[in-house]
There are 2 protein chains.
Amino acid sequence: MADDFDRVETLRKNPRDDMPLAHRMQRFVEALQIRITKRLDALDDEASFRVDRWDREEGGGGITAVIEGGDVFEKGGVNTSAVHGPLPDRMAEAFEVDAKPFFATGLSLVLHPRSPHVPTAHANFRYFALGENLMDPEDEWFGGGADLTPYYPRLEDVQHFHQTWKDVCDDHAGVADYEEFKDECDDYFYVAHREEARGVGGIFYDYLRDDPEGTFFFSREAGRAFLRSYLPIVTRRMEEDWTEEERAYQLLRRGRYVEFNLVYDRGTKFGLETGGRTESILMSLPPHVTWRYDHQPAAGSAEAKAEWYFQPRPWLDLTPADVPDGTE
Amino acid sequence: MADDFDRVETLRKNPRDDMPLAHRMQRFVEALQIRITKRLDALDDEASFRVDRWDREEGGGGITAVIEGGDVFEKGGVNTSAVHGPLPDRMAEAFEVDAKPFFATGLSLVLHPRSPHVPTAHANFRYFALGENLMDPEDEWFGGGADLTPYYPRLEDVQHFHQTWKDVCDDHAGVADYEEFKDECDDYFYVAHREEARGVGGIFYDYLRDDPEGTFFFSREAGRAFLRSYLPIVTRRMEEDWTEEERAYQLLRRGRYVEFNLVYDRGTKFGLETGGRTESILMSLPPHVTWRYDHQPAAGSAEAKAEWYFQPRPWLDLTPADVPDGTE
């Protein structure tokens, strides 16, 4: 990956701000992909990211970086893509616009740690433009967010994660609003048929159109905040011992993750429907998963305590006295 | 389960044919559930079916029979339900009808064997009626089918399965057509984003309205044919040795099963959207599942040979010379 990194570094030192936002965002997410994969790679003694480039027949392509079988990360992917061409019918319908050229770029990552004590993380930062001229698109918007899915949640981890995103939002108060983005995240990552949240949330935003330059700046800071939001939790929990019972519970909870991604996630459904690259879209799925019929954690068990966390809550307003014993 | 069986036997000996089809179909599927679970139970030395009854708030309920952790069946469910009440909005929309009472009953089963040599099986037989009066509904139809998902397919198994269903269809030529139902099955159980069939198909039919009495008779014969279509394959393959590599491939293929059920299956999506009982709907999911990034079987491997089977083919017209070596 050294070559990619050098290439992006060269671009970074020559910021051609007359480039369209589309290309600046693409350049940013590709550089971010390298930064994130290098830092994660360094944590894992067993596995490294493997990089696949792919082309999209109708225009553009992507870079898929996947780690599998690691001691810290059992499976994870950090993907970027930059695709363009005629807007697929299915998208034109969803956006209620006529056929016209589109451009989309973004980074999307999902990390499934091996230890049940380390949360799964997801983040994604993306830009979309419609029209012939990317210097002056007919419509353009940013979307993205980051959310955390712990198995044995701890309040201090959840608060660290949320505080990081609140700080980034507060620094970009004109375009970002933590409370609003947190609520959107809680609404979006909800597994309706289980009546529970996918995890402990984070932030989620979409169709941010009002101030494209300001939102690009926010998106960059958010992208850069990901490692800060997540790595301290990984390093704090990865050395803890865990039991077979905890592992079994993690595999069951991963089932909920699969259910969310395949039943509800718009990106997954849309990607599969519009002929996206299946392996890149489904890299979000966990490596090993279990389904059992009607599993209910025993009252008072660590698992029952964990489930207290899987409902939307005002995490940053809570104190250790508010949470189940042992999950502070 | 002896009590249930006796109750149904009593009903069976007193066929009140002035009962609405709705109730005769319910009685039939509940008796079939007992017959099937008893026969499967008898094969497994490690586990037995566990029966859960549930009520639906708006009317009706169901009986869920689940086996888990067996030596033959790692996980399986044979469920019946009979639900009624005001048609949920989401269904009224899908059927393009105004709000009115509905009644639906059916049996649905999925069996995930432990051995990678034994195919997964799915079948379902159902009846739906609309209107105030079940003796003279405004609309009523039957749907159902059975399909097989082998991991290491063998032509003789696939042909036995299809021949059983062809025979049942041929015996009810006025309402059933094997070729048509086979094509519908191939179309329905297709994992579009993988460009492959879920398994080797079988039969699938829906909205059979023309001859309700004749179709009820066909549905009963089809329901009774399930054990005949599947058990000879189970008993022939369950004693074969299998390797860790074969097990690993089975877990990967099960991932495709999950993808189909959560992304495409109308029953699953509809059930979850209309507030069906989640645990009964999702009992179809396999017990242990693996996802790996971009897994491709090596050329000439047993797994590559297996994948030859995961495209629609005219199974009953094939001879051993048509299939990959070792899969006759």
# chains A, B, ... in the order shown; residues from 1 in each chain; ligands from 1
>>> calpha_fit_and_write(fixed="chain A", moving="chain B", output="mmCIF file with C-alpha atoms, in the first residue's frame")
data_model
loop_
_atom_site.group_PDB
_atom_site.id
_atom_site.type_symbol
_atom_site.label_atom_id
_atom_site.label_comp_id
_atom_site.auth_asym_id
_atom_site.auth_seq_id
_atom_site.Cartn_x
_atom_site.Cartn_y
_atom_site.Cartn_z
ATOM 1 C CA MET B 1 0.034 -0.181 0.156
ATOM 2 C CA ALA B 2 3.043 2.156 0.288
ATOM 3 C CA ASP B 3 2.501 3.213 -3.315
ATOM 4 C CA ASP B 4 -1.094 4.213 -2.708
ATOM 5 C CA PHE B 5 -0.122 6.157 0.328
ATOM 6 C CA ASP B 6 2.613 8.063 -1.512
ATOM 7 C CA ARG B 7 0.276 8.869 -4.364
ATOM 8 C CA VAL B 8 -2.340 10.268 -2.022
ATOM 9 C CA GLU B 9 0.253 12.159 0.007
ATOM 10 C CA THR B 10 1.397 13.821 -3.191
ATOM 11 C CA LEU B 11 -2.137 14.872 -3.977
ATOM 12 C CA ARG B 12 -2.625 16.115 -0.443
ATOM 13 C CA LYS B 13 0.388 18.403 -0.683
ATOM 14 C CA ASN B 14 -1.048 19.977 -3.818
ATOM 15 C CA PRO B 15 -4.581 20.852 -2.851
ATOM 16 C CA ARG B 16 -6.169 21.855 -6.105
ATOM 17 C CA ASP B 17 -9.176 23.568 -4.660
ATOM 18 C CA ASP B 18 -10.487 24.277 -8.089
ATOM 19 C CA MET B 19 -11.231 20.555 -8.244
ATOM 20 C CA PRO B 20 -14.898 19.674 -7.866
ATOM 21 C CA LEU B 21 -16.018 18.625 -4.397
ATOM 22 C CA ALA B 22 -16.648 15.213 -5.952
ATOM 23 C CA HIS B 23 -12.971 14.710 -6.622
ATOM 24 C CA ARG B 24 -11.792 16.321 -3.397
ATOM 25 C CA MET B 25 -14.082 13.996 -1.476
ATOM 26 C CA GLN B 26 -12.798 11.004 -3.455
ATOM 27 C CA ARG B 27 -9.217 12.012 -2.761
ATOM 28 C CA PHE B 28 -10.047 12.442 0.911
ATOM 29 C CA VAL B 29 -11.768 9.079 1.382
ATOM 30 C CA GLU B 30 -8.959 7.250 -0.417
ATOM 31 C CA ALA B 31 -6.392 8.884 1.870
ATOM 32 C CA LEU B 32 -8.555 8.123 4.899
ATOM 33 C CA GLN B 33 -8.818 4.492 3.818
ATOM 34 C CA ILE B 34 -5.049 4.219 3.880
ATOM 35 C CA ARG B 35 -4.735 5.959 7.232
ATOM 36 C CA ILE B 36 -7.370 3.757 8.870
ATOM 37 C CA THR B 37 -6.159 0.461 7.441
ATOM 38 C CA LYS B 38 -2.561 1.216 8.444
ATOM 39 C CA ARG B 39 -3.556 1.931 12.030
ATOM 40 C CA LEU B 40 -5.787 -1.132 12.319
ATOM 41 C CA ASP B 41 -3.220 -3.330 10.622
ATOM 42 C CA ALA B 42 -0.630 -2.299 13.193
ATOM 43 C CA LEU B 43 -2.841 -3.596 16.031
ATOM 44 C CA ASP B 44 -3.276 -7.092 14.636
ATOM 45 C CA ASP B 45 -0.540 -9.725 14.966
ATOM 46 C CA GLU B 46 -2.226 -12.390 12.865
ATOM 47 C CA ALA B 47 -3.670 -10.804 9.769
ATOM 48 C CA SER B 48 -3.263 -7.870 7.406
ATOM 49 C CA PHE B 49 -5.567 -6.007 5.100
ATOM 50 C CA ARG B 50 -5.779 -7.385 1.592
ATOM 51 C CA VAL B 51 -6.567 -4.819 -1.086
ATOM 52 C CA ASP B 52 -8.756 -5.489 -4.123
ATOM 53 C CA ARG B 53 -9.425 -2.947 -6.810
ATOM 54 C CA TRP B 54 -12.524 -3.321 -8.911
ATOM 55 C CA ASP B 55 -14.001 -1.521 -11.879
ATOM 56 C CA ARG B 56 -17.628 -0.760 -12.473
ATOM 57 C CA GLU B 57 -18.744 -1.461 -16.002
ATOM 58 C CA GLU B 58 -20.799 1.743 -16.303
ATOM 59 C CA GLY B 59 -18.068 3.968 -14.832
ATOM 60 C CA GLY B 60 -15.729 4.221 -11.877
ATOM 61 C CA GLY B 61 -14.826 1.543 -9.379
ATOM 62 C CA GLY B 62 -13.510 1.014 -5.916
ATOM 63 C CA ILE B 63 -10.869 -0.208 -3.549
ATOM 64 C CA THR B 64 -11.851 -2.920 -1.094
ATOM 65 C CA ALA B 65 -9.514 -3.522 1.852
ATOM 66 C CA VAL B 66 -10.412 -6.598 3.872
ATOM 67 C CA ILE B 67 -8.871 -8.210 6.940
ATOM 68 C CA GLU B 68 -9.852 -11.770 7.913
ATOM 69 C CA GLY B 69 -8.753 -14.176 10.598
ATOM 70 C CA GLY B 70 -6.914 -11.648 12.726
ATOM 71 C CA ASP B 71 -6.395 -11.990 16.462
ATOM 72 C CA VAL B 72 -7.991 -8.588 17.053
ATOM 73 C CA PHE B 73 -10.167 -8.276 13.948
ATOM 74 C CA GLU B 74 -11.877 -11.502 12.986
ATOM 75 C CA LYS B 75 -13.235 -9.814 9.872
ATOM 76 C CA GLY B 76 -13.371 -6.261 8.688
ATOM 77 C CA GLY B 77 -13.499 -4.154 5.601
ATOM 78 C CA VAL B 78 -12.608 -0.569 4.822
ATOM 79 C CA ASN B 79 -13.894 0.217 1.353
ATOM 80 C CA THR B 80 -13.884 3.227 -0.868
ATOM 81 C CA SER B 81 -15.610 3.692 -4.167
ATOM 82 C CA ALA B 82 -16.078 6.443 -6.694
ATOM 83 C CA VAL B 83 -18.688 5.556 -9.269
ATOM 84 C CA HIS B 84 -20.357 7.551 -12.000
ATOM 85 C CA GLY B 85 -22.365 7.237 -15.174
ATOM 86 C CA PRO B 86 -26.051 7.375 -16.014
ATOM 87 C CA LEU B 87 -28.198 7.248 -12.885
ATOM 88 C CA PRO B 88 -29.572 3.677 -12.501
ATOM 89 C CA ASP B 89 -33.379 3.569 -12.941
ATOM 90 C CA ARG B 90 -33.863 2.327 -9.417
ATOM 91 C CA MET B 91 -32.029 5.377 -8.029
ATOM 92 C CA ALA B 92 -33.837 7.834 -10.308
ATOM 93 C CA GLU B 93 -37.079 6.420 -8.952
ATOM 94 C CA ALA B 94 -35.946 6.659 -5.317
ATOM 95 C CA PHE B 95 -34.692 10.237 -5.740
ATOM 96 C CA GLU B 96 -37.698 11.193 -7.902
ATOM 97 C CA VAL B 97 -35.551 12.686 -10.625
ATOM 98 C CA ASP B 98 -35.207 12.115 -14.368
ATOM 99 C CA ALA B 99 -32.348 10.123 -15.802
ATOM 100 C CA LYS B 100 -29.113 12.135 -15.647
ATOM 101 C CA PRO B 101 -25.454 11.528 -14.849
ATOM 102 C CA PHE B 102 -24.477 10.915 -11.236
ATOM 103 C CA PHE B 103 -21.267 10.703 -9.268
ATOM 104 C CA ALA B 104 -20.953 9.058 -5.856
ATOM 105 C CA THR B 105 -17.952 8.518 -3.666
ATOM 106 C CA GLY B 106 -17.478 7.417 -0.104
ATOM 107 C CA LEU B 107 -15.740 5.312 2.456
ATOM 108 C CA SER B 108 -17.552 2.577 4.304
ATOM 109 C CA LEU B 109 -16.085 0.434 7.047
ATOM 110 C CA VAL B 110 -17.226 -2.371 9.300
ATOM 111 C CA LEU B 111 -14.991 -4.072 11.864
ATOM 112 C CA HIS B 112 -15.934 -7.316 13.591
ATOM 113 C CA PRO B 113 -13.459 -7.963 16.408
ATOM 114 C CA ARG B 114 -12.787 -11.492 17.617
ATOM 115 C CA SER B 115 -13.228 -10.735 21.318
ATOM 116 C CA PRO B 116 -16.792 -10.346 22.577
ATOM 117 C CA HIS B 117 -15.442 -7.545 24.770
ATOM 118 C CA VAL B 118 -14.531 -5.378 21.798
ATOM 119 C CA PRO B 119 -17.460 -3.688 20.044
ATOM 120 C CA THR B 120 -18.165 -3.936 16.349
ATOM 121 C CA ALA B 121 -17.842 -0.571 14.630
ATOM 122 C CA HIS B 122 -19.347 0.836 11.477
ATOM 123 C CA ALA B 123 -18.756 4.171 9.800
ATOM 124 C CA ASN B 124 -19.371 5.695 6.438
ATOM 125 C CA PHE B 125 -18.777 9.063 4.810
ATOM 126 C CA ARG B 126 -20.195 9.746 1.382
ATOM 127 C CA TYR B 127 -20.953 12.346 -1.256
ATOM 128 C CA PHE B 128 -23.453 12.239 -4.081
ATOM 129 C CA ALA B 129 -23.869 14.588 -7.056
ATOM 130 C CA LEU B 130 -26.321 14.767 -9.936
ATOM 131 C CA GLY B 131 -25.845 16.526 -13.249
ATOM 132 C CA GLU B 132 -23.484 16.881 -16.190
ATOM 133 C CA ASN B 133 -21.004 19.249 -14.593
ATOM 134 C CA LEU B 134 -19.337 18.248 -11.328
ATOM 135 C CA MET B 135 -18.014 21.799 -10.846
ATOM 136 C CA ASP B 136 -21.626 22.976 -10.713
ATOM 137 C CA PRO B 137 -23.909 19.987 -10.029
ATOM 138 C CA GLU B 138 -27.689 20.220 -10.252
ATOM 139 C CA ASP B 139 -27.883 18.643 -6.823
ATOM 140 C CA GLU B 140 -25.294 17.369 -4.347
ATOM 141 C CA TRP B 141 -25.339 16.150 -0.786
ATOM 142 C CA PHE B 142 -23.317 14.485 1.927
ATOM 143 C CA GLY B 143 -24.290 11.600 4.152
ATOM 144 C CA GLY B 144 -22.562 9.447 6.697
ATOM 145 C CA GLY B 145 -22.126 8.579 10.313
ATOM 146 C CA ALA B 146 -20.589 6.148 12.747
ATOM 147 C CA ASP B 147 -22.162 3.732 15.175
ATOM 148 C CA LEU B 148 -21.009 1.198 17.730
ATOM 149 C CA THR B 149 -22.339 -2.298 18.420
ATOM 150 C CA PRO B 150 -20.911 -3.680 21.655
ATOM 151 C CA TYR B 151 -21.667 -7.205 22.911
ATOM 152 C CA TYR B 152 -20.855 -6.507 26.562
ATOM 153 C CA PRO B 153 -21.278 -2.740 26.636
ATOM 154 C CA ARG B 154 -19.548 -0.497 29.152
ATOM 155 C CA LEU B 155 -20.801 2.991 29.822
ATOM 156 C CA GLU B 156 -17.319 4.503 29.672
ATOM 157 C CA ASP B 157 -16.833 3.104 26.158
ATOM 158 C CA VAL B 158 -20.233 4.262 24.979
ATOM 159 C CA GLN B 159 -19.640 7.728 26.400
ATOM 160 C CA HIS B 160 -16.187 7.981 24.865
ATOM 161 C CA PHE B 161 -17.625 7.086 21.458
ATOM 162 C CA HIS B 162 -20.519 9.531 21.677
ATOM 163 C CA GLN B 163 -18.399 12.325 23.161
ATOM 164 C CA THR B 164 -15.996 12.087 20.230
ATOM 165 C CA TRP B 165 -18.835 12.559 17.769
ATOM 166 C CA LYS B 166 -20.449 15.297 19.827
ATOM 167 C CA ASP B 167 -17.167 17.212 19.812
ATOM 168 C CA VAL B 168 -16.846 16.937 16.030
ATOM 169 C CA CYS B 169 -20.440 18.099 15.556
ATOM 170 C CA ASP B 170 -20.025 20.963 18.020
ATOM 171 C CA ASP B 171 -16.950 22.130 16.085
ATOM 172 C CA HIS B 172 -19.103 22.370 12.936
ATOM 173 C CA ALA B 173 -22.229 23.795 14.486
ATOM 174 C CA GLY B 174 -23.394 25.408 11.246
ATOM 175 C CA VAL B 175 -23.794 22.096 9.441
ATOM 176 C CA ALA B 176 -23.822 19.412 12.139
ATOM 177 C CA ASP B 177 -25.973 18.892 15.211
ATOM 178 C CA TYR B 178 -25.063 16.032 17.535
ATOM 179 C CA GLU B 179 -28.518 15.699 19.112
ATOM 180 C CA GLU B 180 -30.230 15.577 15.747
ATOM 181 C CA PHE B 181 -27.674 13.197 14.236
ATOM 182 C CA LYS B 182 -27.820 10.956 17.301
ATOM 183 C CA ASP B 183 -31.617 10.731 17.013
ATOM 184 C CA GLU B 184 -31.337 9.933 13.312
ATOM 185 C CA CYS B 185 -28.857 7.198 14.149
ATOM 186 C CA ASP B 186 -31.182 5.729 16.779
ATOM 187 C CA ASP B 187 -34.067 5.790 14.285
ATOM 188 C CA TYR B 188 -32.044 4.294 11.463
ATOM 189 C CA PHE B 189 -30.198 1.476 13.240
ATOM 190 C CA TYR B 190 -33.338 0.036 14.758
ATOM 191 C CA VAL B 191 -34.186 -3.637 14.321
ATOM 192 C CA ALA B 192 -37.964 -3.184 14.279
ATOM 193 C CA HIS B 193 -38.859 -6.886 14.320
ATOM 194 C CA ARG B 194 -36.760 -7.318 17.492
ATOM 195 C CA GLU B 195 -37.900 -3.998 18.984
ATOM 196 C CA GLU B 196 -34.310 -3.157 19.790
ATOM 197 C CA ALA B 197 -31.473 -0.961 18.609
ATOM 198 C CA ARG B 198 -28.648 -2.576 16.622
ATOM 199 C CA GLY B 199 -26.195 -1.296 19.213
ATOM 200 C CA VAL B 200 -25.634 1.907 21.157
ATOM 201 C CA GLY B 201 -25.879 4.263 18.204
ATOM 202 C CA GLY B 202 -23.636 7.160 17.345
ATOM 203 C CA ILE B 203 -24.424 9.686 14.628
ATOM 204 C CA PHE B 204 -26.141 9.392 11.258
ATOM 205 C CA TYR B 205 -26.903 12.093 8.706
ATOM 206 C CA ASP B 206 -28.011 12.184 5.103
ATOM 207 C CA TYR B 207 -29.016 14.643 2.386
ATOM 208 C CA LEU B 208 -26.949 17.496 3.888
ATOM 209 C CA ARG B 209 -27.229 20.026 1.052
ATOM 210 C CA ASP B 210 -27.202 23.509 2.514
ATOM 211 C CA ASP B 211 -23.512 24.312 2.693
ATOM 212 C CA PRO B 212 -21.504 21.883 0.557
ATOM 213 C CA GLU B 213 -18.074 23.367 1.355
ATOM 214 C CA GLY B 214 -18.814 23.486 5.083
ATOM 215 C CA THR B 215 -20.237 19.987 5.002
ATOM 216 C CA PHE B 216 -17.176 18.692 3.180
ATOM 217 C CA PHE B 217 -15.044 20.172 5.931
ATOM 218 C CA PHE B 218 -17.262 18.538 8.564
ATOM 219 C CA SER B 219 -17.146 15.198 6.692
ATOM 220 C CA ARG B 220 -13.370 15.295 6.663
ATOM 221 C CA GLU B 221 -13.154 16.002 10.371
ATOM 222 C CA ALA B 222 -15.692 13.262 11.063
ATOM 223 C CA GLY B 223 -13.760 10.790 8.929
ATOM 224 C CA ARG B 224 -10.563 11.660 10.762
ATOM 225 C CA ALA B 225 -12.327 11.274 14.126
ATOM 226 C CA PHE B 226 -13.177 7.636 13.525
ATOM 227 C CA LEU B 227 -9.916 6.193 14.824
ATOM 228 C CA ARG B 228 -10.097 8.518 17.839
ATOM 229 C CA SER B 229 -13.644 7.357 18.599
ATOM 230 C CA TYR B 230 -12.908 3.648 18.346
ATOM 231 C CA LEU B 231 -9.266 2.687 18.890
ATOM 232 C CA PRO B 232 -9.120 3.598 22.592
ATOM 233 C CA ILE B 233 -12.027 1.188 23.154
ATOM 234 C CA VAL B 234 -10.307 -1.558 21.165
ATOM 235 C CA THR B 235 -6.994 -1.230 22.968
ATOM 236 C CA ARG B 236 -8.692 -1.057 26.386
ATOM 237 C CA ARG B 237 -10.784 -4.229 25.819
ATOM 238 C CA MET B 238 -8.728 -6.422 23.487
ATOM 239 C CA GLU B 239 -6.517 -7.874 26.210
ATOM 240 C CA GLU B 240 -9.381 -8.861 28.502
ATOM 241 C CA ASP B 241 -10.071 -12.592 28.892
ATOM 242 C CA TRP B 242 -13.363 -13.907 27.616
ATOM 243 C CA THR B 243 -15.325 -17.113 28.082
ATOM 244 C CA GLU B 244 -17.004 -19.532 25.679
ATOM 245 C CA GLU B 245 -20.385 -18.300 26.979
ATOM 246 C CA GLU B 246 -19.440 -14.742 26.066
ATOM 247 C CA ARG B 247 -18.325 -15.906 22.631
ATOM 248 C CA ALA B 248 -21.637 -17.738 22.133
ATOM 249 C CA TYR B 249 -23.564 -14.598 23.029
ATOM 250 C CA GLN B 250 -21.448 -12.534 20.627
ATOM 251 C CA LEU B 251 -22.306 -14.939 17.777
ATOM 252 C CA LEU B 252 -26.026 -14.661 18.566
ATOM 253 C CA ARG B 253 -25.851 -10.871 18.675
ATOM 254 C CA ARG B 254 -24.047 -10.911 15.345
ATOM 255 C CA GLY B 255 -27.197 -12.526 13.977
ATOM 256 C CA ARG B 256 -29.059 -9.314 14.792
ATOM 257 C CA TYR B 257 -26.391 -7.428 12.893
ATOM 258 C CA VAL B 258 -27.001 -9.604 9.836
ATOM 259 C CA GLU B 259 -30.747 -9.168 10.209
ATOM 260 C CA PHE B 260 -30.401 -5.391 10.269
ATOM 261 C CA ASN B 261 -28.033 -5.233 7.321
ATOM 262 C CA LEU B 262 -30.006 -7.554 5.061
ATOM 263 C CA VAL B 263 -33.546 -6.523 6.052
ATOM 264 C CA TYR B 264 -33.278 -2.775 6.696
ATOM 265 C CA ASP B 265 -30.007 -1.217 5.646
ATOM 266 C CA ARG B 266 -30.686 1.092 2.714
ATOM 267 C CA GLY B 267 -27.111 1.032 1.505
ATOM 268 C CA THR B 268 -27.059 -2.758 1.349
ATOM 269 C CA LYS B 269 -30.466 -3.128 -0.311
ATOM 270 C CA PHE B 270 -29.796 -0.298 -2.718
ATOM 271 C CA GLY B 271 -26.350 -1.596 -3.535
ATOM 272 C CA LEU B 272 -27.603 -5.095 -4.274
ATOM 273 C CA GLU B 273 -30.585 -3.812 -6.277
ATOM 274 C CA THR B 274 -28.538 -1.434 -8.378
ATOM 275 C CA GLY B 275 -25.938 -4.038 -9.249
ATOM 276 C CA GLY B 276 -23.234 -2.892 -6.868
ATOM 277 C CA ARG B 277 -20.288 -5.186 -6.265
ATOM 278 C CA THR B 278 -21.778 -7.890 -4.061
ATOM 279 C CA GLU B 279 -18.581 -8.881 -2.270
ATOM 280 C CA SER B 280 -17.836 -5.279 -1.314
ATOM 281 C CA ILE B 281 -21.386 -4.627 -0.141
ATOM 282 C CA LEU B 282 -21.575 -7.816 1.903
ATOM 283 C CA MET B 283 -18.127 -7.480 3.449
ATOM 284 C CA SER B 284 -20.166 -5.888 6.281
ATOM 285 C CA LEU B 285 -21.452 -9.321 7.345
ATOM 286 C CA PRO B 286 -19.790 -10.935 10.360
ATOM 287 C CA PRO B 287 -17.502 -13.969 9.918
ATOM 288 C CA HIS B 288 -19.305 -16.449 12.195
ATOM 289 C CA VAL B 289 -22.905 -16.133 13.234
ATOM 290 C CA THR B 290 -25.383 -18.210 15.212
ATOM 291 C CA TRP B 291 -29.157 -18.296 15.272
ATOM 292 C CA ARG B 292 -31.019 -20.076 18.032
ATOM 293 C CA TYR B 293 -34.752 -20.272 18.410
ATOM 294 C CA ASP B 294 -36.178 -17.841 20.944
ATOM 295 C CA HIS B 295 -33.011 -17.243 22.937
ATOM 296 C CA GLN B 296 -33.666 -15.237 26.123
ATOM 297 C CA PRO B 297 -30.842 -14.303 28.508
ATOM 298 C CA ALA B 298 -31.427 -15.382 32.108
ATOM 299 C CA ALA B 299 -32.644 -12.625 34.426
ATOM 300 C CA GLY B 300 -29.720 -10.867 36.112
ATOM 301 C CA SER B 301 -27.122 -12.417 33.770
ATOM 302 C CA ALA B 302 -24.405 -10.354 32.128
ATOM 303 C CA GLU B 303 -26.303 -10.811 28.863
ATOM 304 C CA ALA B 304 -29.525 -9.437 30.339
ATOM 305 C CA LYS B 305 -27.515 -6.453 31.593
ATOM 306 C CA ALA B 306 -26.025 -6.028 28.131
ATOM 307 C CA GLU B 307 -29.482 -5.854 26.577
ATOM 308 C CA TRP B 308 -30.341 -2.839 28.701
ATOM 309 C CA TYR B 309 -27.995 -0.969 26.376
ATOM 310 C CA PHE B 310 -29.824 -1.945 23.188
ATOM 311 C CA GLN B 311 -32.426 0.781 23.432
ATOM 312 C CA PRO B 312 -31.841 4.419 22.532
ATOM 313 C CA ARG B 313 -30.685 6.332 25.620
ATOM 314 C CA PRO B 314 -29.153 9.776 26.310
ATOM 315 C CA TRP B 315 -25.714 8.256 26.866
ATOM 316 C CA LEU B 316 -23.874 11.482 27.617
ATOM 317 C CA ASP B 317 -26.346 12.420 30.353
ATOM 318 C CA LEU B 318 -25.994 9.127 32.223
ATOM 319 C CA THR B 319 -23.816 8.415 35.227
ATOM 320 C CA PRO B 320 -22.523 5.035 36.474
ATOM 321 C CA ALA B 321 -25.464 4.978 38.910
ATOM 322 C CA ASP B 322 -27.876 4.785 35.949
ATOM 323 C CA VAL B 323 -26.505 1.593 34.397
ATOM 324 C CA PRO B 324 -26.730 -2.085 35.410
ATOM 325 C CA ASP B 325 -24.080 -3.119 37.950
ATOM 326 C CA GLY B 326 -20.795 -4.142 36.416
ATOM 327 C CA THR B 327 -21.319 -2.259 33.164
ATOM 328 C CA GLU B 328 -19.923 1.086 34.280
#
>>> select_by_dssp(residues="stretch 174-267 of chain A", states="strand (DSSP E)", output="PyMOL selection string")
chain A and resi 190-191+196-197+201-208
>>> decode(residues="stretch 63-76 of chain B", atoms="N, CA and C atoms", output="PDB file, in the first residue's frame")
ATOM      1  N   ILE B  63     -48.582 -22.767  16.146  1.00  0.00           N
ATOM      2  CA  ILE B  63     -47.847 -23.799  16.867  1.00  0.00           C
ATOM      3  C   ILE B  63     -46.476 -23.902  16.210  1.00  0.00           C
ATOM      4  N   THR B  64     -45.445 -23.616  16.992  1.00  0.00           N
ATOM      5  CA  THR B  64     -44.081 -23.663  16.482  1.00  0.00           C
ATOM      6  C   THR B  64     -43.418 -24.896  17.075  1.00  0.00           C
ATOM      7  N   ALA B  65     -42.902 -25.770  16.207  1.00  0.00           N
ATOM      8  CA  ALA B  65     -42.197 -26.967  16.681  1.00  0.00           C
ATOM      9  C   ALA B  65     -40.766 -26.863  16.186  1.00  0.00           C
ATOM     10  N   VAL B  66     -39.829 -26.795  17.137  1.00  0.00           N
ATOM     11  CA  VAL B  66     -38.435 -26.541  16.790  1.00  0.00           C
ATOM     12  C   VAL B  66     -37.550 -27.645  17.341  1.00  0.00           C
ATOM     13  N   ILE B  67     -36.584 -28.068  16.535  1.00  0.00           N
ATOM     14  CA  ILE B  67     -35.564 -29.011  17.008  1.00  0.00           C
ATOM     15  C   ILE B  67     -34.216 -28.302  16.898  1.00  0.00           C
ATOM     16  N   GLU B  68     -33.379 -28.420  17.935  1.00  0.00           N
ATOM     17  CA  GLU B  68     -32.062 -27.781  17.907  1.00  0.00           C
ATOM     18  C   GLU B  68     -31.046 -28.719  18.521  1.00  0.00           C
ATOM     19  N   GLY B  69     -29.850 -28.700  17.933  1.00  0.00           N
ATOM     20  CA  GLY B  69     -28.743 -29.463  18.510  1.00  0.00           C
ATOM     21  C   GLY B  69     -28.859 -30.960  18.314  1.00  0.00           C
ATOM     22  N   GLY B  70     -29.569 -31.396  17.311  1.00  0.00           N
ATOM     23  CA  GLY B  70     -29.684 -32.825  17.057  1.00  0.00           C
ATOM     24  C   GLY B  70     -28.462 -33.370  16.335  1.00  0.00           C
ATOM     25  N   ASP B  71     -28.324 -34.712  16.321  1.00  0.00           N
ATOM     26  CA  ASP B  71     -27.203 -35.261  15.556  1.00  0.00           C
ATOM     27  C   ASP B  71     -27.522 -35.272  14.066  1.00  0.00           C
ATOM     28  N   VAL B  72     -28.790 -35.418  13.720  1.00  0.00           N
ATOM     29  CA  VAL B  72     -29.180 -35.363  12.308  1.00  0.00           C
ATOM     30  C   VAL B  72     -29.604 -33.942  11.934  1.00  0.00           C
ATOM     31  N   PHE B  73     -30.474 -33.351  12.754  1.00  0.00           N
ATOM     32  CA  PHE B  73     -30.967 -32.007  12.460  1.00  0.00           C
ATOM     33  C   PHE B  73     -30.349 -31.009  13.430  1.00  0.00           C
ATOM     34  N   GLU B  74     -29.474 -30.182  12.903  1.00  0.00           N
ATOM     35  CA  GLU B  74     -28.792 -29.209  13.762  1.00  0.00           C
ATOM     36  C   GLU B  74     -29.782 -28.127  14.183  1.00  0.00           C
ATOM     37  N   LYS B  75     -30.718 -27.823  13.296  1.00  0.00           N
ATOM     38  CA  LYS B  75     -31.781 -26.875  13.640  1.00  0.00           C
ATOM     39  C   LYS B  75     -32.897 -27.066  12.630  1.00  0.00           C
ATOM     40  N   GLY B  76     -34.108 -27.011  13.095  1.00  0.00           N
ATOM     41  CA  GLY B  76     -35.218 -27.125  12.167  1.00  0.00           C
ATOM     42  C   GLY B  76     -36.490 -26.675  12.830  1.00  0.00           C
TER      43      GLY B  76
END
